[in-house]
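To be precise, the following lines are data_5.txt, and they hold compact mmCIF, C-alpha atoms and all ligand atoms.
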# COMPACT_ATOMS: atom_id res chain seq x y z
CA MET A 1 -20.05 67.57 15.00
CA ILE A 2 -22.32 69.37 17.49
CA ILE A 3 -25.66 68.37 15.95
CA PRO A 4 -24.96 64.63 15.57
CA ALA A 5 -23.38 64.51 19.04
CA PHE A 6 -26.45 66.17 20.55
CA THR A 7 -28.83 63.89 18.64
CA LEU A 8 -26.91 60.82 19.84
CA PHE A 9 -27.02 62.09 23.41
CA ILE A 10 -30.83 62.45 23.22
CA LEU A 11 -31.09 59.01 21.61
CA GLY A 12 -28.91 57.61 24.42
CA THR A 13 -31.16 59.05 27.14
CA MET A 14 -34.14 57.42 25.40
CA VAL A 15 -32.35 54.05 25.27
CA GLY A 16 -31.44 54.51 28.95
CA SER A 17 -35.08 55.07 29.81
CA PHE A 18 -35.95 51.93 27.83
CA LEU A 19 -33.27 49.95 29.71
CA SER A 20 -34.82 50.85 33.05
CA VAL A 21 -38.18 49.56 31.77
CA ILE A 22 -36.55 46.33 30.53
CA ASN A 23 -34.83 45.85 33.91
CA TYR A 24 -38.10 46.34 35.75
CA ARG A 25 -39.90 43.89 33.51
CA ILE A 26 -37.17 41.24 33.73
CA ARG A 27 -37.28 41.48 37.51
CA HIS A 28 -41.05 41.22 37.75
CA ASN A 29 -41.40 38.62 35.03
CA LYS A 30 -43.70 40.88 33.06
CA SER A 31 -44.74 39.68 29.67
CA GLY A 32 -43.84 41.81 26.69
CA ILE A 33 -40.37 42.75 27.89
CA LEU A 34 -39.75 44.99 24.92
CA PHE A 35 -43.20 46.41 24.29
CA GLY A 36 -46.09 47.86 26.22
CA ARG A 37 -46.53 51.09 28.16
CA SER A 38 -44.56 51.92 31.28
CA GLU A 39 -46.23 52.37 34.63
CA CYS A 40 -45.45 53.98 37.97
CA ARG A 41 -43.71 51.43 40.17
CA HIS A 42 -45.80 52.35 43.19
CA CYS A 43 -49.34 53.08 42.03
CA ARG A 44 -49.12 51.18 38.69
CA LYS A 45 -50.70 54.08 36.85
CA LYS A 46 -49.75 53.99 33.16
CA LEU A 47 -47.46 56.85 32.30
CA THR A 48 -48.29 59.34 29.55
CA ALA A 49 -45.83 60.34 26.84
CA PHE A 50 -45.24 63.58 28.71
CA GLU A 51 -44.14 61.64 31.79
CA LEU A 52 -41.70 59.56 29.81
CA ILE A 53 -39.35 62.21 28.44
CA PRO A 54 -35.90 61.14 29.63
CA LEU A 55 -34.30 63.40 32.26
CA ILE A 56 -36.84 66.19 31.66
CA SER A 57 -39.89 64.47 33.19
CA TYR A 58 -37.89 63.62 36.28
CA SER A 59 -36.65 67.20 36.69
CA ILE A 60 -40.11 68.73 36.16
CA SER A 61 -41.82 66.39 38.62
CA ARG A 62 -38.86 66.80 41.06
CA GLY A 63 -38.49 63.05 41.26
CA LYS A 64 -42.06 62.28 42.33
CA CYS A 65 -44.89 60.40 40.65
CA ARG A 66 -47.57 62.88 39.51
CA HIS A 67 -50.36 60.55 40.62
CA CYS A 68 -49.35 59.07 43.95
CA GLY A 69 -46.61 61.52 44.93
CA LYS A 70 -44.13 58.76 45.86
CA SER A 71 -40.47 59.39 45.06
CA ILE A 72 -38.95 57.94 41.94
CA SER A 73 -35.44 56.58 42.49
CA PRO A 74 -32.70 58.88 41.12
CA ILE A 75 -31.20 55.72 39.66
CA TYR A 76 -33.50 56.08 36.61
CA PRO A 77 -32.47 59.57 35.49
CA LEU A 78 -28.87 58.54 36.23
CA LEU A 79 -29.22 55.58 33.88
CA GLU A 80 -30.64 57.90 31.21
CA LEU A 81 -27.85 60.42 31.64
CA ILE A 82 -25.07 57.81 31.54
CA SER A 83 -26.53 56.13 28.43
CA GLY A 84 -26.76 59.52 26.71
CA LEU A 85 -23.17 60.41 27.59
CA LEU A 86 -21.88 57.03 26.45
CA LEU A 87 -23.47 57.28 23.00
CA LEU A 88 -21.93 60.75 22.76
CA PHE A 89 -18.44 59.59 23.85
CA LEU A 90 -18.60 56.64 21.48
CA TYR A 91 -19.22 59.04 18.63
CA MET A 92 -15.90 60.72 19.47
CA SER A 93 -14.24 57.32 18.99
CA TYR A 94 -16.22 56.46 15.84
CA PRO A 95 -17.16 59.72 14.10
CA PHE A 96 -19.16 58.07 11.34
CA ILE A 97 -20.63 61.22 9.84
CA GLY A 98 -18.30 62.53 7.19
CA VAL A 99 -18.30 65.68 5.10
CA THR A 100 -21.35 67.29 3.56
CA TYR A 101 -20.86 67.98 -0.11
CA ALA A 102 -23.47 69.66 -2.31
CA GLY A 103 -26.12 69.11 0.34
CA ILE A 104 -25.37 65.40 0.70
CA THR A 105 -23.87 64.11 3.93
CA PHE A 106 -21.51 61.19 3.54
CA PHE A 107 -21.37 58.43 6.11
CA ASP A 108 -18.41 56.23 6.79
CA GLY A 109 -20.18 52.88 6.60
CA PHE A 110 -17.60 50.89 8.53
CA LEU A 111 -17.29 53.43 11.33
CA LEU A 112 -21.09 53.47 11.56
CA LEU A 113 -21.15 49.67 11.89
CA GLN A 114 -18.42 49.82 14.53
CA TYR A 115 -20.39 52.48 16.37
CA ILE A 116 -23.60 50.45 16.38
CA TYR A 117 -21.81 47.28 17.44
CA THR A 118 -19.88 48.94 20.27
CA ALA A 119 -22.93 50.90 21.42
CA PHE A 120 -24.99 47.68 21.56
CA VAL A 121 -22.47 45.89 23.77
CA VAL A 122 -21.86 48.96 25.95
CA LEU A 123 -25.60 49.47 26.50
CA CYS A 124 -26.01 45.79 27.47
CA LEU A 125 -23.21 46.35 30.01
CA ILE A 126 -25.00 49.43 31.35
CA GLY A 127 -28.22 47.43 31.66
CA ILE A 128 -26.26 44.81 33.66
CA LEU A 129 -24.61 47.45 35.87
CA PHE A 130 -27.93 48.99 36.89
CA TYR A 131 -29.70 45.66 37.26
CA ASP A 132 -27.00 44.37 39.60
CA ILE A 133 -27.07 47.57 41.70
CA GLU A 134 -30.85 47.40 42.03
CA TYR A 135 -31.44 43.67 42.39
CA LEU A 136 -28.01 42.04 43.10
CA GLU A 137 -28.36 39.73 40.13
CA ILE A 138 -27.26 39.55 36.51
CA PRO A 139 -29.90 38.81 33.88
CA GLU A 140 -28.94 36.50 31.01
CA LEU A 141 -31.15 38.58 28.76
CA TYR A 142 -28.15 40.92 28.46
CA THR A 143 -25.15 38.60 28.66
CA PHE A 144 -26.18 36.04 26.05
CA PRO A 145 -27.21 38.40 23.20
CA ALA A 146 -24.10 40.52 23.83
CA ILE A 147 -21.78 37.47 23.72
CA ALA A 148 -23.50 36.25 20.52
CA ILE A 149 -23.07 39.63 18.79
CA ILE A 150 -19.42 39.82 19.91
CA PHE A 151 -18.77 36.40 18.31
CA VAL A 152 -20.35 37.44 15.02
CA TRP A 153 -18.37 40.69 15.04
CA GLY A 154 -15.15 38.83 15.84
CA ILE A 155 -15.63 36.52 12.87
CA PHE A 156 -16.36 39.22 10.30
CA SER A 157 -14.53 42.29 11.55
CA PRO A 158 -10.85 43.11 11.00
CA THR A 159 -10.74 45.29 14.14
CA ILE A 160 -10.07 42.44 16.58
CA SER A 161 -8.29 39.15 16.00
CA LEU A 162 -10.09 35.94 16.86
CA TYR A 163 -6.96 34.84 18.69
CA SER A 164 -7.02 37.85 21.01
CA MET A 165 -10.76 37.42 21.57
CA ALA A 166 -10.49 33.71 22.34
CA LEU A 167 -7.54 34.26 24.68
CA GLY A 168 -9.42 37.08 26.48
CA GLY A 169 -12.55 34.95 26.86
CA GLY A 170 -10.51 31.90 27.92
CA LEU A 171 -8.52 33.81 30.54
CA ALA A 172 -11.76 35.28 31.89
CA ALA A 173 -13.44 31.88 32.07
CA LEU A 174 -10.47 30.44 33.99
CA PHE A 175 -10.05 33.41 36.30
CA PHE A 176 -13.70 34.01 37.23
CA GLY A 177 -14.95 30.45 36.76
CA GLY A 178 -12.10 29.25 39.00
CA GLN A 179 -13.13 31.63 41.78
CA VAL A 180 -16.76 30.54 41.50
CA MET A 181 -15.75 26.87 41.76
CA ILE A 182 -13.27 27.28 44.62
CA SER A 183 -15.56 29.49 46.68
CA LYS A 184 -18.76 27.63 45.71
CA GLU A 185 -20.26 30.97 44.56
CA GLU A 186 -19.34 32.67 47.84
CA TRP A 187 -17.04 35.31 46.34
CA LEU A 188 -18.52 35.49 42.89
CA GLY A 189 -21.68 34.31 41.19
CA SER A 190 -21.96 32.58 37.84
CA GLY A 191 -23.54 35.79 36.49
CA ASP A 192 -20.28 37.62 37.25
CA THR A 193 -18.41 34.93 35.31
CA GLN A 194 -20.67 35.52 32.31
CA VAL A 195 -19.94 39.25 32.48
CA GLY A 196 -16.23 38.44 32.82
CA ILE A 197 -16.26 36.23 29.71
CA LEU A 198 -18.18 38.94 27.87
CA MET A 199 -15.43 41.42 28.87
CA GLY A 200 -12.63 39.13 27.71
CA LEU A 201 -14.23 38.44 24.34
CA PHE A 202 -15.23 42.05 23.76
CA LEU A 203 -11.89 43.63 24.67
CA GLY A 204 -9.41 40.95 23.58
CA TRP A 205 -6.76 39.71 26.01
CA GLU A 206 -4.57 42.86 26.22
CA LEU A 207 -7.38 45.28 27.08
CA PHE A 208 -9.04 42.61 29.22
CA LEU A 209 -6.00 42.53 31.53
CA VAL A 210 -6.16 46.32 31.83
CA ALA A 211 -9.90 46.11 32.58
CA LEU A 212 -9.25 43.46 35.23
CA MET A 213 -6.71 45.65 37.04
CA VAL A 214 -9.01 48.68 36.92
CA THR A 215 -11.91 46.53 38.17
CA TYR A 216 -10.08 45.21 41.23
CA PHE A 217 -8.46 48.54 41.99
CA LEU A 218 -11.84 50.33 41.91
CA GLY A 219 -13.55 47.48 43.78
CA LEU A 220 -11.04 47.68 46.62
CA LEU A 221 -11.09 51.47 46.75
CA ILE A 222 -14.90 51.81 46.77
CA THR A 223 -15.39 48.95 49.25
CA LEU A 224 -12.87 50.48 51.68
CA LEU A 225 -14.54 53.86 51.23
CA LEU A 226 -18.01 52.41 51.91
CA MET A 227 -16.68 50.58 54.96
CA ALA A 228 -15.07 53.78 56.27
CA LEU A 229 -18.41 55.56 55.80
CA LYS A 230 -20.10 52.62 57.59
CA LYS A 231 -22.42 52.07 54.62
CA VAL A 232 -21.39 48.42 54.45
CA ASN A 233 -19.73 45.89 56.73
CA ARG A 234 -17.85 42.64 56.14
CA LYS A 235 -21.07 40.71 55.75
CA SER A 236 -22.77 43.05 53.27
CA LYS A 237 -23.28 41.81 49.75
CA ILE A 238 -21.73 44.29 47.35
CA PRO A 239 -22.62 43.89 43.66
CA PHE A 240 -19.48 43.11 41.67
CA ALA A 241 -20.73 43.54 38.09
CA PRO A 242 -20.72 47.37 38.31
CA PHE A 243 -16.94 47.24 38.85
CA LEU A 244 -16.52 44.82 35.95
CA VAL A 245 -18.57 47.11 33.71
CA ILE A 246 -16.73 50.30 34.73
CA GLY A 247 -13.39 48.49 34.30
CA THR A 248 -14.46 47.41 30.82
CA LEU A 249 -15.55 50.92 29.81
CA ILE A 250 -12.35 52.55 31.12
CA SER A 251 -10.29 49.96 29.27
CA LEU A 252 -12.36 50.42 26.10
CA PHE A 253 -11.81 54.17 26.05
CA TYR A 254 -8.37 54.51 27.68
CA GLY A 255 -6.88 50.99 27.72
CA SER A 256 -4.45 51.55 24.85
CA TYR A 257 -3.31 54.77 26.46
CA LEU A 258 -2.82 53.02 29.82
CA ILE A 259 -0.80 50.22 28.18
CA GLU A 260 1.39 52.79 26.44
CA LEU A 261 1.86 54.73 29.65
CA TYR A 262 2.81 51.54 31.47
CA THR A 263 5.31 50.37 28.86
CA THR A 264 6.98 53.75 28.44
CA THR A 265 7.29 54.63 32.12
CA LEU A 266 7.90 51.26 33.74
CA LEU A 267 9.65 49.16 31.14
ZN ZN A 301 -47.38 56.57 41.21
Output the file's structure in the form of structure tokens.
Amino acid sequence: MIIPAFTLFILGTMVGSFLSVINYRIRHNKSGILFGRSECRHCRKKLTAFELIPLISYSISRGKCRHCGKSISPIYPLLELISGLLLLFLYMSYPFIGVTYAGITFFDGFLLLQYIYTAFVVLCLIGILFYDIEYLEIPELYTFPAIAIIFVWGIFSPTISLYSMALGGGLAALFFGGQVMISKEEWLGSGDTQVGILMGLFLGWELFLVALMVTYFLGLLITLLLMALKKVNRKSKIPFAPFLVIGTLISLFYGSYLIELYTTTLL
């Protein structure tokens, strides 16, 4: 349990580092979004392999570029850490490595598939969260592939019913799309609607409703907190996708528990 969990954590930090590169390249319209060497965002110096070790490079260089000395945003190591932790937590939900017998380790094929699928969608959501925080926008490079994979999974997998998926996606389209139309994109952007539909399809309608409640609860709480700390005012633009993503993740991991808690204590 310890060795695979640790390996997945390391793998997650590497994917997180990759996500920050993808985000940077989407934003700056760089060709070769998936390939090519990373560079310092200030002096454009190409980074060596040593400077690209997730979390470690940042700690060794104390958050500064080794060439120009400018600070590197702590958002990047944070993205690496969160991606690592998520791959680790997901393994707790889908422990695909089975027993080792006579030197051979057995994998649970279906759990492995479920792990890969969930990790893919979750990492797209993390890419969206960080992109929206940094640039106040939601790139379709994440939403469309994630929605496509969710559809394929929904058709072939027994873990979620197509009915629940369609109802979740439909409710999300009505709820978020309606707000976009009524407010003419004042309250919400069409990117947020895409993330909302992704949530509804991914979670199914029951967990989607939980995610929605968590999202608005957190959104209100954090906004009031930021206003009290005078970090934002009524006119500030606060990215909404991070709340949608956190709501989705909480519902993914704890939604069933929250539903049970609600039905046993309140009904
Ligand atoms: Zn530099």
Environment of ligand ZN 301 (chain A) within 7 Å, counting only C-alpha atoms and all ligand atoms, reported as a ChimeraX atom specification: /A:40-45,65-70
Selected residue, from A:Ile128, A:Ile72, A:Leu8, A:Glu134, that lies nearest to Tyr115 (chain A) when counting all atoms listed in the file: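 Among the listed residues, A:Leu8 lies closest to Tyr115 (chain A).
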Counting only C-alpha atoms, which residues of region 110-168 of chain A fall within 9 Å of region 246-256 of chain A, and what is the closest atom pair for each with its distance in Å at one decimal, ordered by chain and rising number, as CSV?
residue,atom,partner,partner_atom,distance
A:Val122,CA,A:Leu249,CA,7.7
A:Leu125,CA,A:Thr248,CA,8.9
A:Ile126,CA,A:Ile246,CA,9.0
A:Leu129,CA,A:Ile246,CA,8.5
Distance of CA of Thr159 (chain A) from CA of Tyr91 (chain A), expressed in Å to one decimal place: 16.8 Å
Within-7 Å shell of (-35.2, 51.5, 36.8) in input frame, all atoms listed in the file, as a PyMOL selection string: chain A and resi 20-21+23-24+75-76
Spatial neighbours of region 207-209 of chain A, max dist 12 Å, only C-alpha atoms, sep filter under 5 positions, as an NGL selection string: :A and (160 or 164-173 or 175 or 195-202 or 214-216 or 244-245 or 247-260)
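From CA of Lys46 (chain A) back to CA of Ser17 (chain A), the distance works out to 15.1 Å.
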Point-to-point distance in Å for CA of Leu220 (chain A) and CA of Pro239 (chain A):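 Between these atoms lies a distance of 12.5 Å.
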Residues within 9 Å of region 93-109 of chain A, only C-alpha atoms, excluding chain neighbours under 4 positions, as a PyMOL selection string: chain A and resi 1+4+89+113-115+253
Shortest interatomic distance to Leu136 (chain A) - which of A:Ile53, A:Met92, A:Leu226, A:Ile238, counting all atoms listed in the file: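 Smallest distance to Leu136 (chain A) is found for A:Ile238.
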Given only C-alpha atoms as the counted atoms, nearest of A:Leu203, A:Glu137, A:Gly178, A:Leu123 to Trp153 (chain A):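 Distance minimum relative to Trp153 (chain A) lands on A:Leu203.
All residues of protein, DNA or RNA that reach within 12 Å of Lys235 (chain A), judged by only C-alpha atoms and not counting those fewer than 2 positions away in the chain, are Glu186, Trp187, Thr223, Met227, Lys231, Val232, Asn233, Lys237 and Ile238 of chain A.
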Pick from A:Leu47, A:Ile155, A:Glu80, A:Leu87 nearest to Thr7 (chain A), counting all atoms listed in the file: A:Leu87
Contacts of region 57-63 of chain A within 8 Å, only C-alpha atoms, excl. fewer than 4 positions in-chain, as a list in words: Phe50, Glu51, Leu52, Ile53, Ser71, Ile72, Ser73, Pro74 and Pro77 of chain A
Dump all heavy atoms of region 163-175 of chain A from the given block, as a PDB file, in the first residue's frame.
ATOM      1  N   TYR A 163     -28.958   7.425 -17.266  1.00  0.00           N
ATOM      2  CA  TYR A 163     -30.071   8.265 -16.832  1.00  0.00           C
ATOM      3  C   TYR A 163     -29.595   9.318 -15.826  1.00  0.00           C
ATOM      4  O   TYR A 163     -29.871  10.516 -15.968  1.00  0.00           O
ATOM      5  CB  TYR A 163     -31.154   7.370 -16.212  1.00  0.00           C
ATOM      6  CG  TYR A 163     -32.164   8.107 -15.400  1.00  0.00           C
ATOM      7  CD1 TYR A 163     -33.167   8.859 -16.021  1.00  0.00           C
ATOM      8  CD2 TYR A 163     -32.131   8.066 -14.001  1.00  0.00           C
ATOM      9  CE1 TYR A 163     -34.089   9.558 -15.267  1.00  0.00           C
ATOM     10  CE2 TYR A 163     -33.049   8.752 -13.244  1.00  0.00           C
ATOM     11  CZ  TYR A 163     -34.025   9.496 -13.884  1.00  0.00           C
ATOM     12  OH  TYR A 163     -34.934  10.188 -13.128  1.00  0.00           O
ATOM     13  N   SER A 164     -28.825   8.851 -14.829  1.00  0.00           N
ATOM     14  CA  SER A 164     -28.335   9.764 -13.799  1.00  0.00           C
ATOM     15  C   SER A 164     -27.389  10.807 -14.398  1.00  0.00           C
ATOM     16  O   SER A 164     -27.423  11.988 -14.050  1.00  0.00           O
ATOM     17  CB  SER A 164     -27.632   8.960 -12.706  1.00  0.00           C
ATOM     18  OG  SER A 164     -27.039   9.802 -11.773  1.00  0.00           O
ATOM     19  N   MET A 165     -26.550  10.332 -15.332  1.00  0.00           N
ATOM     20  CA  MET A 165     -25.611  11.229 -16.011  1.00  0.00           C
ATOM     21  C   MET A 165     -26.352  12.307 -16.790  1.00  0.00           C
ATOM     22  O   MET A 165     -26.061  13.499 -16.682  1.00  0.00           O
ATOM     23  CB  MET A 165     -24.788  10.425 -17.023  1.00  0.00           C
ATOM     24  CG  MET A 165     -23.394  10.141 -16.618  1.00  0.00           C
ATOM     25  SD  MET A 165     -22.574   9.205 -17.935  1.00  0.00           S
ATOM     26  CE  MET A 165     -22.199  10.508 -19.086  1.00  0.00           C
ATOM     27  N   ALA A 166     -27.337  11.843 -17.603  1.00  0.00           N
ATOM     28  CA  ALA A 166     -28.053  12.774 -18.470  1.00  0.00           C
ATOM     29  C   ALA A 166     -28.828  13.786 -17.628  1.00  0.00           C
ATOM     30  O   ALA A 166     -28.856  14.981 -17.940  1.00  0.00           O
ATOM     31  CB  ALA A 166     -28.999  12.010 -19.389  1.00  0.00           C
ATOM     32  N   LEU A 167     -29.438  13.304 -16.528  1.00  0.00           N
ATOM     33  CA  LEU A 167     -30.205  14.200 -15.667  1.00  0.00           C
ATOM     34  C   LEU A 167     -29.272  15.225 -15.010  1.00  0.00           C
ATOM     35  O   LEU A 167     -29.590  16.422 -14.949  1.00  0.00           O
ATOM     36  CB  LEU A 167     -30.941  13.385 -14.600  1.00  0.00           C
ATOM     37  CG  LEU A 167     -32.036  14.116 -13.828  1.00  0.00           C
ATOM     38  CD1 LEU A 167     -33.090  14.689 -14.762  1.00  0.00           C
ATOM     39  CD2 LEU A 167     -32.693  13.178 -12.808  1.00  0.00           C
ATOM     40  N   GLY A 168     -28.094  14.749 -14.556  1.00  0.00           N
ATOM     41  CA  GLY A 168     -27.102  15.654 -13.957  1.00  0.00           C
ATOM     42  C   GLY A 168     -26.670  16.715 -14.950  1.00  0.00           C
ATOM     43  O   GLY A 168     -26.666  17.919 -14.647  1.00  0.00           O
ATOM     44  N   GLY A 169     -26.311  16.277 -16.165  1.00  0.00           N
ATOM     45  CA  GLY A 169     -25.858  17.213 -17.197  1.00  0.00           C
ATOM     46  C   GLY A 169     -26.964  18.178 -17.591  1.00  0.00           C
ATOM     47  O   GLY A 169     -26.733  19.380 -17.771  1.00  0.00           O
ATOM     48  N   GLY A 170     -28.213  17.657 -17.696  1.00  0.00           N
ATOM     49  CA  GLY A 170     -29.356  18.480 -18.088  1.00  0.00           C
ATOM     50  C   GLY A 170     -29.661  19.544 -17.033  1.00  0.00           C
ATOM     51  O   GLY A 170     -29.863  20.722 -17.356  1.00  0.00           O
ATOM     52  N   LEU A 171     -29.682  19.114 -15.764  1.00  0.00           N
ATOM     53  CA  LEU A 171     -29.932  20.069 -14.673  1.00  0.00           C
ATOM     54  C   LEU A 171     -28.880  21.167 -14.679  1.00  0.00           C
ATOM     55  O   LEU A 171     -29.188  22.352 -14.527  1.00  0.00           O
ATOM     56  CB  LEU A 171     -29.886  19.343 -13.316  1.00  0.00           C
ATOM     57  CG  LEU A 171     -31.108  18.530 -12.916  1.00  0.00           C
ATOM     58  CD1 LEU A 171     -30.826  17.739 -11.632  1.00  0.00           C
ATOM     59  CD2 LEU A 171     -32.298  19.466 -12.695  1.00  0.00           C
ATOM     60  N   ALA A 172     -27.618  20.758 -14.887  1.00  0.00           N
ATOM     61  CA  ALA A 172     -26.515  21.720 -14.890  1.00  0.00           C
ATOM     62  C   ALA A 172     -26.675  22.707 -16.042  1.00  0.00           C
ATOM     63  O   ALA A 172     -26.505  23.919 -15.861  1.00  0.00           O
ATOM     64  CB  ALA A 172     -25.182  20.990 -14.997  1.00  0.00           C
ATOM     65  N   ALA A 173     -27.042  22.188 -17.218  1.00  0.00           N
ATOM     66  CA  ALA A 173     -27.184  23.061 -18.383  1.00  0.00           C
ATOM     67  C   ALA A 173     -28.276  24.095 -18.126  1.00  0.00           C
ATOM     68  O   ALA A 173     -28.120  25.283 -18.427  1.00  0.00           O
ATOM     69  CB  ALA A 173     -27.503  22.235 -19.624  1.00  0.00           C
ATOM     70  N   LEU A 174     -29.404  23.641 -17.522  1.00  0.00           N
ATOM     71  CA  LEU A 174     -30.504  24.559 -17.238  1.00  0.00           C
ATOM     72  C   LEU A 174     -30.107  25.590 -16.192  1.00  0.00           C
ATOM     73  O   LEU A 174     -30.302  26.791 -16.361  1.00  0.00           O
ATOM     74  CB  LEU A 174     -31.708  23.774 -16.704  1.00  0.00           C
ATOM     75  CG  LEU A 174     -32.594  23.091 -17.736  1.00  0.00           C
ATOM     76  CD1 LEU A 174     -33.671  22.277 -17.035  1.00  0.00           C
ATOM     77  CD2 LEU A 174     -33.237  24.157 -18.628  1.00  0.00           C
ATOM     78  N   PHE A 175     -29.512  25.086 -15.112  1.00  0.00           N
ATOM     79  CA  PHE A 175     -29.180  25.952 -13.975  1.00  0.00           C
ATOM     80  C   PHE A 175     -28.135  27.005 -14.336  1.00  0.00           C
ATOM     81  O   PHE A 175     -28.333  28.196 -14.121  1.00  0.00           O
ATOM     82  CB  PHE A 175     -28.693  25.082 -12.813  1.00  0.00           C
ATOM     83  CG  PHE A 175     -28.379  25.862 -11.577  1.00  0.00           C
ATOM     84  CD1 PHE A 175     -29.398  26.385 -10.792  1.00  0.00           C
ATOM     85  CD2 PHE A 175     -27.073  26.089 -11.197  1.00  0.00           C
ATOM     86  CE1 PHE A 175     -29.118  27.111  -9.644  1.00  0.00           C
ATOM     87  CE2 PHE A 175     -26.773  26.822 -10.051  1.00  0.00           C
ATOM     88  CZ  PHE A 175     -27.803  27.329  -9.280  1.00  0.00           C
TER      89      PHE A 175
END
